[in-house]
Amino acid sequence: MTTTQQRNYALAPLRSVLDNGARVIAKHSGATPAVTIHAAFEAGTVFDPPSQHGVSHFVSRTIDRGTTAHSAEEIADGLENRGISLAITVNRHALSLVCTCLVEDLGSTLATLADIVMHPAFPDPEVETRRGEIVTMIRQDEDNPAAMASEGLLALLYGDAHPYGRRPRGSVEGVERIARSSLQAFHAARFRPGALSLVMVGDVDAERAIEFGSRAFASWQAPPPGPALFPPVPAAHERRLRVIPMMNKAQADIAYGFTTIVRSDPAFYAYWLMNNIFGEYSIGGRLGDSIRERQGMAYYVFSALDANVVPGPLLIRAGVNPANVDRAIASIDEEVSRMANDGPTDEEFAESRQFLIGSMPRRLETNAGIANFLQMVEFFGLGMDYDVRVPELLAKVTPGDVQAAARAILDPSKAAVVIAGPYSGKS
Amino acid sequence: MKAATYNASVDVYEEVLDNGLRVLIQDVRTAPLASVWCWYRVGSKDEGPGLTGVSHWVEHMNFKGTTNIPRDKVKGIIEQYGGYWNGYTWIDQTTYTETAARDVLDRMLFIESERMANCLYDPADCESERTVIISELQGGENDPDQLLDQELTATAFRAHPYRHPTIGWLADLQTMTREDLYGYYRRHYVPNNATLVIVGDVDRKDAMRSVVQRFGAINPGEVAKSHHTREAEQLGERRVTVSREGTTAYLKVGYHAPAVTDPDFLPLQVLDAVLTGAKGLNLWASFRTPPPQRSARLYRALVDGGFASAVNGGLVPTEQPFLYTISVTATEGTALSAVEQATLAQLEAVRRHGITEHELEKAKNQLRARLVFEGDSISNIAHQLGYFETIATWRLVPSLRESIDAVTLQQVGDAAGRCLTPTNRTVGWFDPIVS
């Protein structure tokens with residue numbers, strides 16, 4: 001086991017790599033007598049086998065429903081008698097088990113989590129019950145304009161051949177076909193100690209937390225999982241528009257976007273600032289100024305940047321009255337062009353940079369906030385001192401860099417646009 | 001100044017200014033931050049006919065510039081210091097918050113003092129916000145569960161103003177005027193109708209000095225007291241069905257439930273923990289963490305039983321008697337009648353037989369754990385003080401743990417017997433029309 005600690009920094013977490021490859025990170029925080037545990041596996045939806053979309057999500061709904069030693073009921077009783085609520089979430093890259101327990105329950109809670117991820121049984125009756133739940137969730141998504149617009153946009157941007165273009169939960173027909181053996185196979189392929197990043201934040205000494213983590217997971221032996229391989233992201237050559245009519249709804253959802261860069265790109269910090277100015281700062285940045293504040297068209301409008309291990313999307317979202325769809329899209333086009341052509345003003349640039357730097361203590365206030373941050377740092381390999389390097393990384397960015405980032409991706413003639421809601425063409 | 005007290009058990013300092021503003025300060029030094037919340041005792045229950053939604057609309061207008069904060073300087077006013085601001089309106093309250101570096105506490109107090117006394121209500125901004133709020137309403141209507149909740153509440157209450165949605169009815173939002181908004185603002189936004197809460201890494205004396213400087217000169221007003229009728233006892237089960245195109249069926253069962261100060265309130269929290277898992281008592285924190293519900297009665301009967309993909313219970317602390325609501329999402333292909341039958345069977349069993357000793361202990365463990373988990377940020381701590389002061393008194397907060405400990409099996413059984421009677425319930429269906 002090798003252990004390193006960054007000293008003299010704000011967070012200064014303790015990081016340890018167990019002999020089996022599992023990474024364990026701990027940070028003491030005395031705000032409450034509780035510990036947040038965040039165990040992330042590189043087992044997100046991008047790892048779904050090509051013909052089995054939705055397997056990762058299905059595993060997230062079943063992995064804690066019984067192990068070779070304990071039934072689903074026993075696991076639930078054991079956690080919930082101590083007030084612990086285990087949340088299992090999945091995104092494109094990671095499947096995460098997250099819970100908060102009282103300090104005195106840390107050891108037993110870690111033992112339960114280790115049992116769940118090492119020895120899941122996927123009992124047949126549980127698989128069938130959860131299949132019914134997942135089918136219902138997919139049907140709910142299909143009745144949700146926001147979900148349909150966002151999924152539709154990613155499909156337009158990335159296409160069927162790229163895992164980003166697929167629906168994370170799969171389709172009803174696909175989920176009906178997923179067998180228990182597929183869940184077991186996915187588990188065997190992706191749940192390995194080398195794919196685990198375990199973060200613990202709370203009122204326990206960091207070295208002691210690492211010992212707890214080691215005790216729970218050190219016996220787990222399996223080779224590292226296969227590397228993540230991604231096809232190239234399709235280039236955009238023209239504007240693409242898709243309308244998903246949902247005439248039973250009151251409001252239309254617009255998703256509008258571009259593909260961007262990878263997180264490790266040195267230009268990331270310029271993109272981060274650009275997105276903040278464009279669609280985040282205060283109530284949705286420039287987009288909010290125009291579409292919400294000046295024109296009163298939308299309760300929500302914003303943009304979000306997801307630069308990742310593949311060039312992720314910059315996603316613009318708005319919910320508008322169907323009569324305003326065309327006007328809202330024209331306003332987005334206008335803001336997109338303005339940002340690319342003119343770049344940020346000096347005032348916008350200074351305020352956004354100060355916000356991103358100044359909001360760090362707030363972002364790192366709670367145990368859960370710190371745990372999320374440390375998982376992000378670990379996933380992208382940013383280093384345990386990343387929290388104190390953020391100011392200098394942002395300080396190096398110039399307004400010209402921000403405009404260059406905008407120019408590189410923001411072009412209405414190459415945008416993908418999806419409208420889901422009571423809209424069939426022209427408003 | 002008057003009424004300065006210091007409650008050593010929870011380190012809350014309380015002072016009431018001469019103009020009636022109640023100030024609560026708690027020093028919590030876990031991060032170099034301060035959180036400010038300014039609460040007003042006005043919510044959608046205080047709205048009269050034709051003005052439903054006015055409290056919420058006023059909340060929106062109070063982010064649009066003041067005499068001393070020009071409209072174009074609102075954006076970034078706290079963000080440039082790394083801060084965060086927000087606000088919300090509900091049935092009993094309207095509140096505004098900023099959390100930012102401790103060094104800018106005075107700036108946060110300046111913003112709240114301006115909001116209390118000097119908002120502009122520019123006619124063009126009022127019109128622009130009308131369509132923003134209608135967009136918010138229509139976005140909510142896209143969600144069948146929310147639509148059903150609105151219909152259920154309006155059916156359960158016939159007379160009490162808790163019956164109308166906080167966002168208001170569309171017809172009122174289309175016709176309300178700038179004068180309606182401004183008049184409402186001036187009637188309710190006075191220091192003697194407000195509670196100011198400061199929690200964080202602050203020096204109490206410095207903080208009080210800033211509070212007095214910023215708020216001390218604001219004149220008190222005659223607090224507009226709304227007359228809230230008492231809802232007559234329900235004489236039989238009520239039903240409502242929403243029929244709209246959709247993919248998924250939803251069931252809601254609502255029971256008239258006691259206010260936060262009623263002796264039945266905490267026993268019913270225990271009951272809800274047994275039925276659907278403990279949510280805790282902090283609205284600002286509870287939605288961030290799912291309840292521990294895998295071992296809860298309704299989860300096991302409905303979700304593990306294959307009837308539902310989700311079940312949830314809602315019993316929120318309120319000033320006056322509101323609702324205890326069970327919400328269920330039917331699984332694809334399951335008839336709502338079957339979901340309802342399975343739900344009511346569980347509720348009837350607990351009404352008749354109460355809960356077990358083991359369930360009582362588990363529910364208390366969950367509720368106590370939530371109290372700990374919800375105290376992990378200065379925003380959450382400040383929210384609770386202001387929330388409880390607005391609906392009852394903040395002094396309920398430090399005693400919550402003891403009060404939960406004291407709940408008995410008998411009290412839970414009795415409260416269940418009183419609340420879960422068939423004549424006290426309203427059943428709502430969202431029965432989708434398949435297109």
# chains A, B, ... in the order shown; residues from 1 in each chain; ligands from 1

call {"tool": "select_by_dssp", "arguments": {"residues": "segment 57-108 of chain A", "states": "strand (DSSP E or B)", "output": "PyMOL selection string"}}
result
chain A and resi 66-67+71+87-90+95-102

call {"tool": "write_last_selection", "arguments": {"atoms": "C-alpha atoms", "output": "mmCIF file, in the first residue's frame"}}
result
data_model
loop_
_atom_site.group_PDB
_atom_site.id
_atom_site.type_symbol
_atom_site.label_atom_id
_atom_site.label_comp_id
_atom_site.auth_asym_id
_atom_site.auth_seq_id
_atom_site.Cartn_x
_atom_site.Cartn_y
_atom_site.Cartn_z
ATOM 1 C CA GLY A 66 -29.032 -9.322 -2.280
ATOM 2 C CA THR A 67 -25.572 -10.832 -2.044
ATOM 3 C CA SER A 71 -30.891 -11.080 1.207
ATOM 4 C CA ALA A 87 -28.236 5.922 -3.114
ATOM 5 C CA ILE A 88 -26.880 4.214 -6.200
ATOM 6 C CA THR A 89 -26.525 6.446 -9.205
ATOM 7 C CA VAL A 90 -25.085 5.978 -12.641
ATOM 8 C CA LEU A 95 -21.624 3.901 -11.137
ATOM 9 C CA SER A 96 -21.585 5.263 -7.586
ATOM 10 C CA LEU A 97 -22.777 4.073 -4.206
ATOM 11 C CA VAL A 98 -23.278 7.016 -1.861
ATOM 12 C CA CYS A 99 -24.487 7.207 1.710
ATOM 13 C CA THR A 100 -23.984 9.094 4.939
ATOM 14 C CA CYS A 101 -23.718 7.297 8.251
ATOM 15 C CA LEU A 102 -23.030 8.239 11.828
#

call {"tool": "interface_residues", "arguments": {"of": "chain B", "to": "chain A", "cutoff": "6 Å", "atoms": "only C-alpha atoms", "output": "PyMOL selection string"}}
result
chain B and resi 30+75+79-82+128-129+131-132+135-136+138-139+142+245+247+291-292+294-295+306+309+331-332+362+365-366+369+376-377

call {"tool": "closest_residue", "arguments": {"among": "A:Thr259, A:Asn341, A:Asn91, A:Thr45", "to": "Lys414 of chain A", "atoms": "only C-alpha atoms"}}
result
A:Thr259

call {"tool": "closest_residue", "arguments": {"among": "A:Ala307, A:Asp342, A:Asp265, A:His28", "to": "Asp203 of chain A", "atoms": "only C-alpha atoms"}}
result
A:His28

call {"tool": "residues_around", "arguments": {"residues": "Glu98 of chain B", "least_positions_apart": "6", "cutoff": "6 Å", "atoms": "only C-alpha atoms", "output": "PDB file with N, CA and C atoms, in the first residue's frame"}}
result
ATOM      1  N   SER B  35     -24.223  32.610   6.162  1.00  0.00           N
ATOM      2  CA  SER B  35     -25.487  32.432   5.454  1.00  0.00           C
ATOM      3  C   SER B  35     -26.527  33.353   6.081  1.00  0.00           C
ATOM      4  N   VAL B  36     -27.187  34.112   5.236  1.00  0.00           N
ATOM      5  CA  VAL B  36     -28.225  35.041   5.692  1.00  0.00           C
ATOM      6  C   VAL B  36     -29.557  34.614   5.093  1.00  0.00           C
ATOM      7  N   TYR B  84     -23.902  32.809  -3.349  1.00  0.00           N
ATOM      8  CA  TYR B  84     -25.071  32.171  -3.920  1.00  0.00           C
ATOM      9  C   TYR B  84     -26.291  32.849  -3.331  1.00  0.00           C
ATOM     10  N   TRP B  85     -27.322  33.075  -4.124  1.00  0.00           N
ATOM     11  CA  TRP B  85     -28.568  33.616  -3.578  1.00  0.00           C
ATOM     12  C   TRP B  85     -29.743  32.835  -4.121  1.00  0.00           C
TER      13      TRP B  85
END

call {"tool": "residues_around", "arguments": {"residues": "Trp169 of chain B", "least_positions_apart": "3", "cutoff": "8 Å", "atoms": "only C-alpha atoms", "output": "short mmCIF file (atom, residue, chain, number, x, y, z; two decimals) with N, CA and C atoms, in the first residue's frame"}}
result
data_model
loop_
_atom_site.label_atom_id
_atom_site.label_comp_id
_atom_site.auth_asym_id
_atom_site.auth_seq_id
_atom_site.Cartn_x
_atom_site.Cartn_y
_atom_site.Cartn_z
N THR B 52 -54.43 34.90 -6.36
CA THR B 52 -53.62 33.70 -6.08
C THR B 52 -52.31 33.79 -6.86
N GLY B 53 -51.23 33.44 -6.18
CA GLY B 53 -49.91 33.51 -6.82
C GLY B 53 -49.19 34.82 -6.56
N HIS B 164 -55.29 26.51 -2.76
CA HIS B 164 -54.79 26.91 -4.08
C HIS B 164 -53.27 26.80 -4.16
N PRO B 165 -52.76 26.54 -5.37
CA PRO B 165 -51.31 26.34 -5.50
C PRO B 165 -50.54 27.62 -5.25
N ASP B 172 -55.61 34.24 -12.62
CA ASP B 172 -55.16 35.33 -11.76
C ASP B 172 -53.82 35.88 -12.25
N LEU B 173 -52.95 34.99 -12.68
CA LEU B 173 -51.63 35.44 -13.17
C LEU B 173 -51.78 36.28 -14.43
#

call {"tool": "atom_distance", "arguments": {"atom1": "atom CA of Glu15 of chain B", "atom2": "atom CA of Ala217 of chain B"}}
result
15.8 Å

call {"tool": "select_by_dssp", "arguments": {"residues": "segment 263-390 of chain B", "states": "alpha helix (DSSP H)", "output": "ChimeraX atom specification"}}
result
/B:265-276,283-286,297-298,336-353,357-373,378-390

call {"tool": "residues_around", "arguments": {"residues": "Arg242 of chain A", "least_positions_apart": "6", "cutoff": "12 Å", "atoms": "only C-alpha atoms", "output": "number ranges by chain"}}
result
A: 148-157, 254-256, 415-421, 423-425

call {"tool": "write_last_selection", "arguments": {"atoms": "N, CA and C atoms", "output": "short mmCIF file (atom, residue, chain, number, x, y, z; two decimals), in the first residue's frame"}}
result
data_model
loop_
_atom_site.label_atom_id
_atom_site.label_comp_id
_atom_site.auth_asym_id
_atom_site.auth_seq_id
_atom_site.Cartn_x
_atom_site.Cartn_y
_atom_site.Cartn_z
N MET A 148 -36.79 14.11 -23.00
CA MET A 148 -36.79 13.78 -24.43
C MET A 148 -35.91 14.75 -25.21
N ALA A 149 -35.96 16.03 -24.85
CA ALA A 149 -35.14 17.02 -25.56
C ALA A 149 -33.65 16.75 -25.32
N SER A 150 -33.28 16.49 -24.07
CA SER A 150 -31.86 16.28 -23.75
C SER A 150 -31.34 15.00 -24.41
N GLU A 151 -32.10 13.92 -24.29
CA GLU A 151 -31.66 12.66 -24.91
C GLU A 151 -31.61 12.80 -26.44
N GLY A 152 -32.61 13.51 -26.97
CA GLY A 152 -32.65 13.71 -28.42
C GLY A 152 -31.44 14.50 -28.91
N LEU A 153 -31.02 15.50 -28.13
CA LEU A 153 -29.87 16.31 -28.54
C LEU A 153 -28.60 15.47 -28.56
N LEU A 154 -28.39 14.66 -27.54
CA LEU A 154 -27.18 13.84 -27.50
C LEU A 154 -27.17 12.83 -28.65
N ALA A 155 -28.35 12.33 -28.99
CA ALA A 155 -28.42 11.41 -30.13
C ALA A 155 -28.03 12.14 -31.42
N LEU A 156 -28.48 13.39 -31.56
CA LEU A 156 -28.12 14.16 -32.76
C LEU A 156 -26.63 14.47 -32.80
N LEU A 157 -26.05 14.82 -31.64
CA LEU A 157 -24.65 15.23 -31.59
C LEU A 157 -23.69 14.05 -31.78
N ILE A 254 -36.50 23.12 -25.11
CA ILE A 254 -35.52 23.26 -26.19
C ILE A 254 -34.18 22.76 -25.66
N ALA A 255 -33.52 21.91 -26.45
CA ALA A 255 -32.13 21.53 -26.16
C ALA A 255 -31.31 21.90 -27.40
N TYR A 256 -30.22 22.58 -27.18
CA TYR A 256 -29.46 23.17 -28.29
C TYR A 256 -28.00 22.98 -27.90
N ALA A 415 -25.03 24.04 -35.14
CA ALA A 415 -25.69 23.63 -33.90
C ALA A 415 -26.63 22.45 -34.14
N ALA A 416 -26.81 21.68 -33.09
CA ALA A 416 -27.88 20.68 -33.09
C ALA A 416 -29.00 21.22 -32.20
N VAL A 417 -30.23 21.11 -32.67
CA VAL A 417 -31.37 21.69 -31.95
C VAL A 417 -32.49 20.66 -31.87
N VAL A 418 -33.00 20.46 -30.66
CA VAL A 418 -34.14 19.55 -30.48
C VAL A 418 -35.23 20.29 -29.71
N ILE A 419 -36.46 20.14 -30.19
CA ILE A 419 -37.61 20.73 -29.50
C ILE A 419 -38.56 19.59 -29.15
N ALA A 420 -38.89 19.46 -27.87
CA ALA A 420 -39.86 18.45 -27.44
C ALA A 420 -41.00 19.15 -26.72
N GLY A 421 -42.21 18.89 -27.15
CA GLY A 421 -43.34 19.55 -26.51
C GLY A 421 -44.47 19.80 -27.48
N TYR A 423 -45.44 21.37 -30.00
CA TYR A 423 -44.89 22.16 -31.10
C TYR A 423 -44.68 21.19 -32.26
N SER A 424 -45.16 21.57 -33.41
CA SER A 424 -45.04 20.62 -34.52
C SER A 424 -44.21 21.16 -35.67
N GLY A 425 -43.84 22.40 -35.63
CA GLY A 425 -43.04 22.95 -36.71
C GLY A 425 -42.75 24.39 -36.41
#

call {"tool": "residues_around", "arguments": {"residues": "Phe302 of chain A", "least_positions_apart": "3", "cutoff": "9 Å", "atoms": "only C-alpha atoms", "output": "PyMOL selection string"}}
result
chain A and resi 278-280+283-288+315-318

call {"tool": "residues_around", "arguments": {"residues": "His187 of chain A", "least_positions_apart": "6", "cutoff": "12 Å", "atoms": "only C-alpha atoms", "output": "CSV table (one decimal) with N, CA and C atoms, in the first residue's frame"}}
result
chain,number,residue,atom,x,y,z
A,41,PHE,N,-17.3,3.4,-9.2
A,41,PHE,CA,-16.7,2.5,-10.1
A,41,PHE,C,-16.7,3.0,-11.5
A,42,GLU,N,-15.7,2.7,-12.3
A,42,GLU,CA,-15.7,3.0,-13.7
A,42,GLU,C,-16.6,2.0,-14.4
A,43,ALA,N,-17.9,2.2,-14.3
A,43,ALA,CA,-18.9,1.2,-14.7
A,43,ALA,C,-20.1,1.9,-15.2
A,44,GLY,N,-20.0,3.1,-15.8
A,44,GLY,CA,-21.1,3.9,-16.3
A,44,GLY,C,-21.7,3.3,-17.6
A,47,PHE,N,-20.1,1.9,-20.8
A,47,PHE,CA,-19.6,0.5,-20.8
A,47,PHE,C,-20.6,-0.5,-21.2
A,48,ASP,N,-21.9,-0.1,-21.5
A,48,ASP,CA,-22.9,-1.0,-21.9
A,48,ASP,C,-22.4,-1.7,-23.2
A,55,VAL,N,-27.7,-1.8,-19.6
A,55,VAL,CA,-27.3,-2.8,-18.6
A,55,VAL,C,-26.7,-2.2,-17.4
A,56,SER,N,-25.8,-1.1,-17.6
A,56,SER,CA,-25.2,-0.5,-16.5
A,56,SER,C,-26.3,0.1,-15.5
A,57,HIS,N,-27.3,0.7,-16.1
A,57,HIS,CA,-28.4,1.3,-15.3
A,57,HIS,C,-29.1,0.2,-14.6
A,58,PHE,N,-29.4,-0.9,-15.3
A,58,PHE,CA,-30.0,-2.1,-14.7
A,58,PHE,C,-29.2,-2.6,-13.5
A,59,VAL,N,-27.9,-2.7,-13.7
A,59,VAL,CA,-27.0,-3.1,-12.6
A,59,VAL,C,-27.2,-2.2,-11.4
A,60,SER,N,-27.3,-0.9,-11.7
A,60,SER,CA,-27.4,0.1,-10.6
A,60,SER,C,-28.7,-0.1,-9.8
A,62,THR,N,-30.0,-3.1,-9.3
A,62,THR,CA,-30.1,-4.5,-8.7
A,62,THR,C,-28.9,-4.9,-7.9
A,63,ILE,N,-27.8,-4.2,-8.0
A,63,ILE,CA,-26.6,-4.7,-7.3
A,63,ILE,C,-26.7,-4.8,-5.8
A,95,LEU,N,-20.5,4.4,-11.9
A,95,LEU,CA,-21.6,3.9,-11.1
A,95,LEU,C,-21.2,4.1,-9.7
A,116,ILE,N,-21.8,-5.8,-1.0
A,116,ILE,CA,-22.7,-5.5,-2.2
A,116,ILE,C,-21.9,-5.5,-3.5
A,117,VAL,N,-20.7,-4.8,-3.5
A,117,VAL,CA,-20.0,-4.7,-4.8
A,117,VAL,C,-19.2,-5.9,-5.2
A,118,MET,N,-18.8,-6.7,-4.1
A,118,MET,CA,-18.0,-7.8,-4.4
A,118,MET,C,-18.8,-9.1,-4.7
A,119,HIS,N,-20.0,-9.2,-4.0
A,119,HIS,CA,-20.7,-10.5,-4.1
A,119,HIS,C,-22.2,-10.3,-4.4
A,120,PRO,N,-22.5,-9.5,-5.4
A,120,PRO,CA,-24.0,-9.4,-5.6
A,120,PRO,C,-24.6,-10.7,-6.2
A,121,ALA,N,-25.8,-11.0,-5.8
A,121,ALA,CA,-26.4,-12.3,-6.2
A,121,ALA,C,-27.4,-12.1,-7.4
A,122,PHE,N,-27.8,-10.9,-7.6
A,122,PHE,CA,-28.8,-10.6,-8.7
A,122,PHE,C,-29.9,-11.7,-8.6
A,180,ARG,N,-30.5,-11.9,-16.6
A,180,ARG,CA,-29.7,-11.9,-15.4
A,180,ARG,C,-28.3,-12.1,-15.7
A,181,SER,N,-28.0,-13.0,-16.6
A,181,SER,CA,-26.6,-13.3,-16.9
A,181,SER,C,-25.9,-12.1,-17.5
A,193,PRO,N,-11.4,-4.1,-8.1
A,193,PRO,CA,-10.8,-3.2,-7.2
A,193,PRO,C,-10.0,-2.0,-8.0
A,195,ALA,N,-11.0,-0.5,-10.5
A,195,ALA,CA,-12.0,0.4,-11.0
A,195,ALA,C,-12.7,1.2,-9.9
A,225,PRO,N,-9.9,-3.7,-14.8
A,225,PRO,CA,-10.8,-3.9,-15.9
A,225,PRO,C,-10.2,-3.4,-17.2

call {"tool": "atom_distance", "arguments": {"atom1": "atom CA of Ala416 of chain B", "atom2": "atom CA of Ala285 of chain B"}}
result
26.2 Å

call {"tool": "closest_residue", "arguments": {"among": "A:Ile261, A:Phe186, A:Ala206, A:Arg167", "to": "Gly226 of chain A", "atoms": "only C-alpha atoms"}}
result
A:Phe186
